[in-house]
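Here is work-v7.csv, consisting of CSV, C-alpha atoms:
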chain,number,residue,atom,x,y,z
A,1,MET,CA,10.0,-14.8,33.8
A,2,LEU,CA,13.3,-14.1,32.0
A,3,ALA,CA,13.9,-17.8,31.5
A,4,LYS,CA,10.4,-18.2,30.0
A,5,ARG,CA,11.0,-15.3,27.7
A,6,HIS,CA,14.3,-16.8,26.6
A,7,ALA,CA,12.7,-20.2,26.0
A,8,ASP,CA,9.9,-18.5,24.0
A,9,ALA,CA,12.4,-16.6,21.9
A,10,LEU,CA,14.4,-19.8,21.3
A,11,GLN,CA,11.3,-21.7,20.2
A,12,SER,CA,10.2,-18.9,18.0
A,13,MET,CA,13.6,-18.9,16.3
A,14,GLU,CA,13.4,-22.6,15.8
A,15,THR,CA,10.0,-22.4,14.0
A,16,ALA,CA,11.2,-19.4,11.9
A,17,VAL,CA,11.9,-20.2,8.2
A,18,GLU,CA,14.3,-17.9,6.4
A,19,VAL,CA,14.4,-17.5,2.6
A,20,ARG,CA,17.1,-15.5,0.8
A,21,ILE,CA,17.0,-14.5,-2.8
A,22,SER,CA,19.1,-12.3,-5.0
A,23,ILE,CA,17.3,-10.6,-7.9
A,24,ASP,CA,18.8,-8.9,-10.9
A,25,THR,CA,18.0,-5.2,-10.8
A,26,ASN,CA,15.5,-5.2,-13.6
A,27,LEU,CA,11.7,-5.1,-13.6
A,28,LEU,CA,11.2,-8.4,-15.3
A,29,ALA,CA,13.5,-10.2,-12.9
A,30,VAL,CA,11.6,-8.7,-10.0
A,31,ARG,CA,8.3,-10.0,-11.5
A,32,MET,CA,9.6,-13.5,-12.0
A,33,SER,CA,11.2,-13.7,-8.6
A,34,LEU,CA,8.0,-12.6,-6.9
A,35,GLN,CA,5.9,-15.2,-8.8
A,36,ARG,CA,8.4,-17.9,-7.9
A,37,LEU,CA,8.6,-16.8,-4.2
A,38,LEU,CA,4.9,-16.7,-3.8
A,39,SER,CA,4.4,-20.2,-5.2
A,40,SER,CA,7.1,-21.7,-3.1
A,41,THR,CA,6.3,-24.0,-0.2
A,42,GLN,CA,6.9,-21.4,2.5
A,43,PHE,CA,4.2,-19.2,1.1
A,44,ALA,CA,1.8,-21.8,-0.2
A,45,LYS,CA,-0.3,-21.9,2.9
A,46,LEU,CA,-1.0,-18.1,3.1
A,47,THR,CA,-4.6,-17.1,2.4
A,48,ASP,CA,-5.1,-15.5,-1.1
A,49,ASP,CA,-5.6,-12.1,0.7
A,50,SER,CA,-2.3,-12.4,2.6
A,51,LYS,CA,-0.5,-13.5,-0.6
A,52,SER,CA,-1.7,-10.5,-2.5
A,53,THR,CA,-0.7,-8.2,0.3
A,54,VAL,CA,2.8,-9.7,0.4
A,55,GLU,CA,3.0,-9.5,-3.4
A,56,ILE,CA,1.9,-5.8,-3.5
A,57,VAL,CA,4.3,-4.7,-0.8
A,58,LEU,CA,7.3,-6.6,-2.2
A,59,ALA,CA,6.7,-5.5,-5.7
A,60,GLU,CA,6.6,-1.8,-4.6
A,61,ALA,CA,9.7,-2.1,-2.5
A,62,LEU,CA,11.7,-4.0,-5.0
A,63,ASN,CA,10.6,-2.0,-8.0
A,64,ASN,CA,11.6,1.2,-6.1
A,65,VAL,CA,15.1,-0.1,-6.0
A,66,VAL,CA,15.2,-1.0,-9.7
A,67,GLU,CA,13.7,2.3,-10.7
A,68,HIS,CA,15.4,4.8,-8.4
A,69,ALA,CA,18.5,3.4,-6.7
A,70,GLN,CA,20.5,3.5,-10.0
A,71,THR,CA,22.4,0.3,-9.4
A,72,GLN,CA,25.0,-0.8,-11.9
A,73,PRO,CA,24.4,-3.5,-14.5
A,74,GLY,CA,25.1,-6.9,-12.9
A,75,ASP,CA,24.1,-5.6,-9.4
A,76,CYS,CA,21.5,-7.5,-7.4
A,77,VAL,CA,18.9,-6.6,-4.9
A,78,ASN,CA,18.8,-9.0,-2.0
A,79,LEU,CA,15.6,-10.1,-0.3
A,80,ILE,CA,15.5,-12.0,3.0
A,81,ALA,CA,12.1,-13.2,4.2
A,82,VAL,CA,11.7,-14.5,7.7
A,83,CYS,CA,8.5,-16.4,8.3
A,84,ARG,CA,7.6,-16.5,11.9
A,85,LEU,CA,4.0,-17.5,12.9
A,86,ASP,CA,1.7,-14.8,11.7
A,87,THR,CA,4.3,-12.2,10.8
A,88,LEU,CA,6.6,-12.2,7.8
A,89,LYS,CA,9.6,-9.9,8.2
A,90,PHE,CA,11.3,-8.8,5.0
A,91,THR,CA,14.7,-7.1,4.6
A,92,ILE,CA,15.7,-5.7,1.2
A,93,SER,CA,19.2,-4.5,0.6
A,94,ASP,CA,21.0,-3.0,-2.4
A,95,ASN,CA,24.2,-1.0,-3.1
A,96,GLY,CA,22.5,1.8,-5.0
A,97,LEU,CA,21.9,5.4,-4.2
A,98,PRO,CA,20.6,6.3,-0.7
A,99,MET,CA,16.9,7.3,-0.3
A,100,PRO,CA,16.5,11.0,-0.9
A,101,GLY,CA,17.4,12.8,2.3
A,102,SER,CA,18.4,9.4,3.7
A,103,ARG,CA,14.9,8.8,5.0
A,104,LEU,CA,11.8,7.0,4.0
A,105,PRO,CA,9.1,8.8,1.9
A,106,SER,CA,6.0,9.6,4.0
A,107,GLY,CA,3.8,7.8,1.6
A,108,SER,CA,0.9,10.2,1.9
A,109,LEU,CA,-1.7,10.1,-0.8
A,110,GLN,CA,-2.1,13.2,-3.0
A,111,SER,CA,-5.5,14.7,-3.6
A,112,LEU,CA,-7.5,12.5,-5.9
A,113,THR,CA,-9.1,15.4,-7.7
A,114,SER,CA,-5.7,16.1,-9.4
A,115,LEU,CA,-5.8,12.5,-10.7
A,116,PRO,CA,-2.2,11.6,-9.6
A,117,GLU,CA,-0.4,9.0,-11.7
A,118,GLY,CA,2.2,8.2,-9.1
A,119,GLY,CA,3.0,8.4,-5.4
A,120,PHE,CA,0.9,5.2,-4.7
A,121,GLY,CA,3.9,3.0,-4.1
A,122,TRP,CA,5.0,4.1,-0.6
A,123,PHE,CA,1.4,4.7,0.4
A,124,LEU,CA,0.7,1.0,-0.3
A,125,ILE,CA,3.9,-0.2,1.5
A,126,ARG,CA,3.0,1.8,4.6
A,127,ARG,CA,-0.7,0.9,4.5
A,128,LEU,CA,0.0,-2.9,4.1
A,129,SER,CA,3.0,-3.3,6.3
A,130,HIS,CA,4.3,-2.2,9.7
A,131,SER,CA,7.6,-1.6,11.6
A,132,VAL,CA,9.1,-0.1,8.4
A,133,THR,CA,12.8,0.9,9.0
A,134,TYR,CA,15.5,2.2,6.7
A,135,ARG,CA,19.2,2.3,7.4
A,136,ARG,CA,22.3,3.0,5.3
A,137,VAL,CA,24.9,0.5,6.2
A,138,LYS,CA,28.4,0.6,4.6
A,139,GLY,CA,27.2,2.1,1.4
A,140,CYS,CA,24.1,-0.2,1.2
A,141,ASN,CA,20.4,0.5,1.7
A,142,MET,CA,18.7,-1.7,4.2
A,143,LEU,CA,14.9,-1.6,4.2
A,144,SER,CA,12.9,-3.8,6.4
A,145,PHE,CA,9.2,-4.2,7.2
A,146,CYS,CA,6.8,-6.7,8.6
A,147,VAL,CA,3.5,-8.0,7.1
A,148,ALA,CA,0.8,-9.6,9.2
A,149,VAL,CA,-0.5,-12.7,7.5
A,150,ASP,CA,-3.1,-15.4,7.8
A,151,TYR,CA,-2.8,-19.0,6.8
A,152,VAL,CA,-5.3,-21.3,5.3
A,153,SER,CA,-6.6,-23.5,8.1
B,1,MET,CA,1.0,-6.7,-23.2
B,2,GLU,CA,-1.8,-8.0,-25.3
B,3,LEU,CA,-5.0,-6.0,-25.5
B,4,VAL,CA,-8.0,-7.0,-27.6
B,5,SER,CA,-10.4,-4.3,-28.5
B,6,GLU,CA,-13.7,-4.3,-30.2
B,7,ARG,CA,-16.1,-1.5,-31.2
B,8,ARG,CA,-19.7,-2.2,-30.4
B,9,GLY,CA,-21.8,0.7,-31.5
B,10,LYS,CA,-20.6,3.8,-29.6
B,11,ILE,CA,-18.6,1.8,-27.1
B,12,ILE,CA,-15.1,0.5,-27.3
B,13,VAL,CA,-14.5,-2.6,-25.2
B,14,ILE,CA,-10.9,-3.4,-24.5
B,15,ARG,CA,-9.9,-6.6,-22.8
B,16,ALA,CA,-6.5,-7.2,-21.1
B,17,MET,CA,-5.2,-10.6,-22.1
B,18,ALA,CA,-2.2,-10.4,-19.7
B,19,GLU,CA,-2.3,-11.4,-16.1
B,20,ARG,CA,-0.2,-8.5,-14.8
B,21,ILE,CA,-0.2,-4.7,-15.3
B,22,ASP,CA,2.9,-4.0,-13.4
B,23,ALA,CA,6.1,-1.8,-13.5
B,24,ALA,CA,7.5,-4.1,-16.2
B,25,SER,CA,4.6,-3.6,-18.5
B,26,ALA,CA,3.1,-0.3,-17.5
B,27,ILE,CA,4.7,1.8,-20.3
B,28,GLN,CA,3.8,-0.6,-23.0
B,29,PHE,CA,0.3,-0.9,-21.7
B,30,LYS,CA,-0.2,2.9,-21.7
B,31,GLU,CA,1.1,3.2,-25.3
B,32,ARG,CA,-1.2,0.4,-26.6
B,33,MET,CA,-4.2,1.8,-24.8
B,34,ARG,CA,-3.5,5.3,-26.2
B,35,GLU,CA,-3.5,3.9,-29.8
B,36,ILE,CA,-6.8,2.1,-29.2
B,37,ILE,CA,-8.6,5.0,-27.7
B,38,GLU,CA,-7.7,7.3,-30.6
B,39,ILE,CA,-10.7,5.7,-32.3
B,40,PRO,CA,-13.7,8.0,-31.5
B,41,SER,CA,-16.3,6.5,-29.3
B,42,GLU,CA,-18.8,7.6,-26.6
B,43,ARG,CA,-17.6,5.2,-23.9
B,44,VAL,CA,-14.5,3.1,-23.3
B,45,VAL,CA,-14.9,0.0,-21.2
B,46,PHE,CA,-11.7,-1.8,-20.0
B,47,ASP,CA,-12.3,-5.5,-19.0
B,48,MET,CA,-9.7,-6.4,-16.4
B,49,SER,CA,-11.1,-9.8,-15.5
B,50,LYS,CA,-8.0,-11.6,-16.6
B,51,VAL,CA,-5.6,-9.3,-14.7
B,52,THR,CA,-4.7,-10.9,-11.4
B,53,PHE,CA,-2.0,-8.4,-10.3
B,54,LEU,CA,-1.7,-4.6,-10.6
B,55,ASP,CA,0.9,-2.5,-8.8
B,56,SER,CA,1.3,1.2,-8.3
B,57,SER,CA,2.9,1.6,-11.8
B,58,GLY,CA,0.0,-0.2,-13.3
B,59,LEU,CA,-2.5,1.9,-11.4
B,60,GLY,CA,-0.7,5.1,-12.5
B,61,ALA,CA,-0.9,3.8,-16.1
B,62,VAL,CA,-4.6,3.2,-15.9
B,63,VAL,CA,-5.1,6.8,-14.5
B,64,SER,CA,-3.0,8.1,-17.3
B,65,VAL,CA,-5.1,6.4,-19.9
B,66,MET,CA,-8.2,7.8,-18.3
B,67,LYS,CA,-6.7,11.3,-18.5
B,68,SER,CA,-5.8,10.8,-22.2
B,69,LEU,CA,-9.5,10.3,-22.9
B,70,GLY,CA,-10.1,14.0,-22.3
B,71,PRO,CA,-13.0,15.6,-20.5
B,72,THR,CA,-15.9,14.1,-22.4
B,73,ARG,CA,-15.1,10.3,-22.1
B,74,LYS,CA,-14.5,8.4,-18.9
B,75,LEU,CA,-12.7,5.1,-18.6
B,76,GLU,CA,-15.0,2.4,-17.2
B,77,LEU,CA,-13.5,-0.6,-15.6
B,78,SER,CA,-15.0,-4.1,-15.4
B,79,GLY,CA,-14.2,-7.4,-13.6
B,80,LEU,CA,-11.7,-6.3,-11.0
B,81,THR,CA,-10.1,-9.4,-9.5
B,82,PRO,CA,-9.4,-9.4,-5.7
B,83,THR,CA,-5.8,-8.0,-5.8
B,84,VAL,CA,-6.6,-5.4,-8.4
B,85,GLU,CA,-9.7,-4.4,-6.4
B,86,LYS,CA,-7.6,-4.1,-3.2
B,87,VAL,CA,-5.1,-1.7,-4.9
B,88,PHE,CA,-8.0,0.5,-6.2
B,89,ARG,CA,-9.8,0.5,-2.9
B,90,LEU,CA,-6.8,1.3,-0.7
B,91,THR,CA,-5.7,4.2,-2.9
B,92,ARG,CA,-9.3,5.3,-3.1
B,93,MET,CA,-9.0,5.3,-6.9
B,94,ASP,CA,-12.2,3.2,-6.9
B,95,SER,CA,-14.1,6.5,-6.4
B,96,VAL,CA,-12.6,8.0,-9.5
B,97,PHE,CA,-13.6,5.3,-12.0
B,98,LEU,CA,-17.0,3.9,-12.9
B,99,ILE,CA,-16.5,0.2,-12.0
B,100,HIS,CA,-18.7,-2.6,-13.3
B,101,LYS,CA,-18.6,-5.8,-11.3
B,102,VAL,CA,-18.8,-7.8,-14.5
B,103,LEU,CA,-18.8,-6.8,-18.1
B,104,PRO,CA,-22.4,-5.6,-19.0
B,105,GLU,CA,-24.3,-8.5,-20.8
B,106,SER,CA,-24.5,-6.5,-24.1
B,107,LEU,CA,-20.8,-6.1,-24.3
B,108,ARG,CA,-19.6,-9.7,-23.6
B,109,HIS,CA,-18.6,-10.8,-27.0
B,110,ALA,CA,-15.5,-8.7,-27.4
B,111,GLY,CA,-12.4,-10.7,-28.2
As structure tokens, the full file:
Amino acid sequence: MLAKRHADALQSMETAVEVRISIDTNLLAVRMSLQRLLSSTQFAKLTDDSKSTVEIVLAEALNNVVEHAQTQPGDCVNLIAVCRLDTLKFTISDNGLPMPGSRLPSGSLQSLTSLPEGGFGWFLIRRLSHSVTYRRVKGCNMLSFCVAVDYVS
Amino acid sequence: MELVSERRGKIIVIRAMAERIDAASAIQFKERMREIIEIPSERVVFDMSKVTFLDSSGLGAVVSVMKSLGPTRKLELSGLTPTVEKVFRLTRMDSVFLIHKVLPESLRHAG
């Protein structure tokens, strides 16, 4: 049983593809990196629906860093994508300010009657991804989450 | 952030020519839209059929434009592409706007 699990884990590691990119901490750089990443071979076979889910979640998470972490000019935000079967795991790290209260925003939606203009970002991240974790490691923010995806058959 | 607007009778039709309304363009989008909607009209229809990506900043900007219209005019949206539709649906903002599947026939010549 243990041997089989070990063999499965090894096989899964062998089939995993890892992509790492460093992005300048500005909004245009995030936009361009996302467009490049999603048109790369690793992501080419995702269905349009999965591609859009990945793009929304990544845009929200990366733009949060650019807009709120107050990184210094010249700093980068790093993205690691691990593609394993029908799950993509993303880890985003930066050396900016920690999340307020050192924890993740709840991402709950405000009442629509007040016509909120913000607060959608974390709602979308939580709605479209799972296993979201946040850690502060040696002065860096480490955010990771998984997105379930489908491939074009 | 290019926007093309045309007045057709009592209606202003605004067409987004950019593919993205995202964090990088949201502020500029809001400012341009506010200039356009200063022109008095009964209705404002925003054709989003060229927009393939909208994030939470873009959504916030669209809501903000709707609020600047004041209590008598509503922002009508048209031609939401799948990703844009997904963001509106998940955030339930699709219940706040009047959304046309495609631009009504009588308004199709703007731009």
**OP:** Select all residues from chain A having any atom no more than 10 Å from an atom of chain B (counting all atoms listed in the file, ignoring ligands), output as a PyMOL selection string.
**Re:** chain A and resi 26-31+48-49+51-53+55-57+59-60+63-64+66-67+109-110+112-113+115-124+127-128
**OP:** Kindly extract all protein, DNA and RNA residues lying within 12 Å of the coordinates (-18.7, -1.1, -32.7) given in the file, considering all atoms listed in the file, and supply them as a ChimeraX atom specification.
**Re:** /B:5-14,39-44,106-107,109-110
**OP:** Using only C-alpha atoms, pick whichever of B:Ala26, B:Ile37, B:Val4, B:Val51 has the shortest atom-to-atom distance to Gly70 (chain B).
**Re:**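 Closest residue, counting only C-alpha atoms: B:Ile37.
Distance check against Leu103 (chain B) using all atoms listed in the file: of B:Lys74, B:Lys50, B:Arg89, B:Lys30, the minimum falls on B:Lys50.
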Subject >> Expected residue set, 6 Å radius at (9.5, -13.9, 6.1), only C-alpha atoms, as a list in words >> reply: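 Here is the list of nearby residues: Ala81, Val82, Cys83, Leu88, Lys89 and Phe90 of chain A.
Our summary of the geometry notes that CA of Pro104 (chain B) is positioned 13.0 Å from CA of Met48 (chain B).
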**OP:** Work out how far apart CA of Gly79 (chain B) and CA of Ser33 (chain A) are and give it in Å to one decimal.
**Re:**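 Atom-to-atom, CA of Gly79 (chain B) and CA of Ser33 (chain A) are spaced 26.6 Å apart.
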Original post:
So how many Å separate CA of Thr71 (chain A) and CA of Lys138 (chain A), to one decimal?
Top reply: 15.2 Å
Original post:
Which polymer residues have any atom within 10 Å of an atom of region 140-146 of chain A, counting all atoms listed in the file, with same-chain residues fewer than 2 positions away left out, as a count of residues only?
Top reply: 43
I'd like the contact shell of His100 (chain B) - 10 Å cut-off, all atoms listed in the file, skipping same-chain residues fewer than 4 positions apart - returned as an mmCIF file with C-alpha atoms, in the frame of the given file.
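Ended up saving to around_1.cif:
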data_model
loop_
_atom_site.group_PDB
_atom_site.id
_atom_site.type_symbol
_atom_site.label_atom_id
_atom_site.label_comp_id
_atom_site.auth_asym_id
_atom_site.auth_seq_id
_atom_site.Cartn_x
_atom_site.Cartn_y
_atom_site.Cartn_z
ATOM 1 C CA VAL B 45 -14.900 0.000 -21.200
ATOM 2 C CA PHE B 46 -11.700 -1.800 -20.000
ATOM 3 C CA ASP B 47 -12.300 -5.500 -19.000
ATOM 4 C CA GLU B 76 -15.000 2.400 -17.200
ATOM 5 C CA LEU B 77 -13.500 -0.600 -15.600
ATOM 6 C CA SER B 78 -15.000 -4.100 -15.400
ATOM 7 C CA GLY B 79 -14.200 -7.400 -13.600
ATOM 8 C CA LEU B 80 -11.700 -6.300 -11.000
ATOM 9 C CA PRO B 104 -22.400 -5.600 -19.000
#
Original post:
For Ser22 (chain A), which of A:Ala7, A:Arg84, A:Leu37, A:Gly107 is the closest residue, counting all atoms listed in the file?
Top reply: A:Leu37
For region 92-107 of chain B, supply N, CA and C atoms and report the output as a tab-separated table (two decimals), keeping the file's coordinate frame.
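Contents of part_39.tsv, freshly written:
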chain	number	residue	atom	x	y	z
B	92	ARG	N	-8.07	4.59	-2.88
B	92	ARG	CA	-9.30	5.30	-3.10
B	92	ARG	C	-9.59	5.65	-4.55
B	93	MET	N	-8.85	5.05	-5.43
B	93	MET	CA	-9.00	5.30	-6.90
B	93	MET	C	-10.36	4.63	-7.35
B	94	ASP	N	-10.93	3.77	-6.51
B	94	ASP	CA	-12.20	3.20	-6.90
B	94	ASP	C	-13.32	4.24	-6.95
B	95	SER	N	-13.05	5.42	-6.33
B	95	SER	CA	-14.10	6.50	-6.40
B	95	SER	C	-13.93	7.34	-7.63
B	96	VAL	N	-12.84	7.16	-8.36
B	96	VAL	CA	-12.60	8.00	-9.50
B	96	VAL	C	-13.12	7.35	-10.81
B	97	PHE	N	-13.17	6.02	-10.81
B	97	PHE	CA	-13.60	5.30	-12.00
B	97	PHE	C	-15.03	4.75	-11.84
B	98	LEU	N	-15.69	4.62	-12.96
B	98	LEU	CA	-17.00	3.90	-12.90
B	98	LEU	C	-16.57	2.40	-13.06
B	99	ILE	N	-16.92	1.62	-12.05
B	99	ILE	CA	-16.50	0.20	-12.00
B	99	ILE	C	-17.69	-0.73	-12.13
B	100	HIS	N	-17.68	-1.58	-13.15
B	100	HIS	CA	-18.70	-2.60	-13.30
B	100	HIS	C	-18.20	-3.89	-12.66
B	101	LYS	N	-19.07	-4.57	-11.91
B	101	LYS	CA	-18.60	-5.80	-11.30
B	101	LYS	C	-18.25	-6.85	-12.37
B	102	VAL	N	-19.12	-6.97	-13.35
B	102	VAL	CA	-18.80	-7.80	-14.50
B	102	VAL	C	-19.11	-7.01	-15.76
B	103	LEU	N	-18.60	-7.48	-16.87
B	103	LEU	CA	-18.80	-6.80	-18.10
B	103	LEU	C	-20.35	-6.81	-18.42
B	104	PRO	N	-20.96	-5.65	-18.70
B	104	PRO	CA	-22.40	-5.60	-19.00
B	104	PRO	C	-22.73	-6.66	-20.11
B	105	GLU	N	-23.85	-7.37	-19.93
B	105	GLU	CA	-24.30	-8.50	-20.80
B	105	GLU	C	-24.12	-8.09	-22.31
B	106	SER	N	-24.53	-6.89	-22.66
B	106	SER	CA	-24.50	-6.50	-24.10
B	106	SER	C	-23.14	-6.35	-24.65
B	107	LEU	N	-22.12	-6.36	-23.79
B	107	LEU	CA	-20.80	-6.10	-24.30
B	107	LEU	C	-19.87	-7.35	-24.19
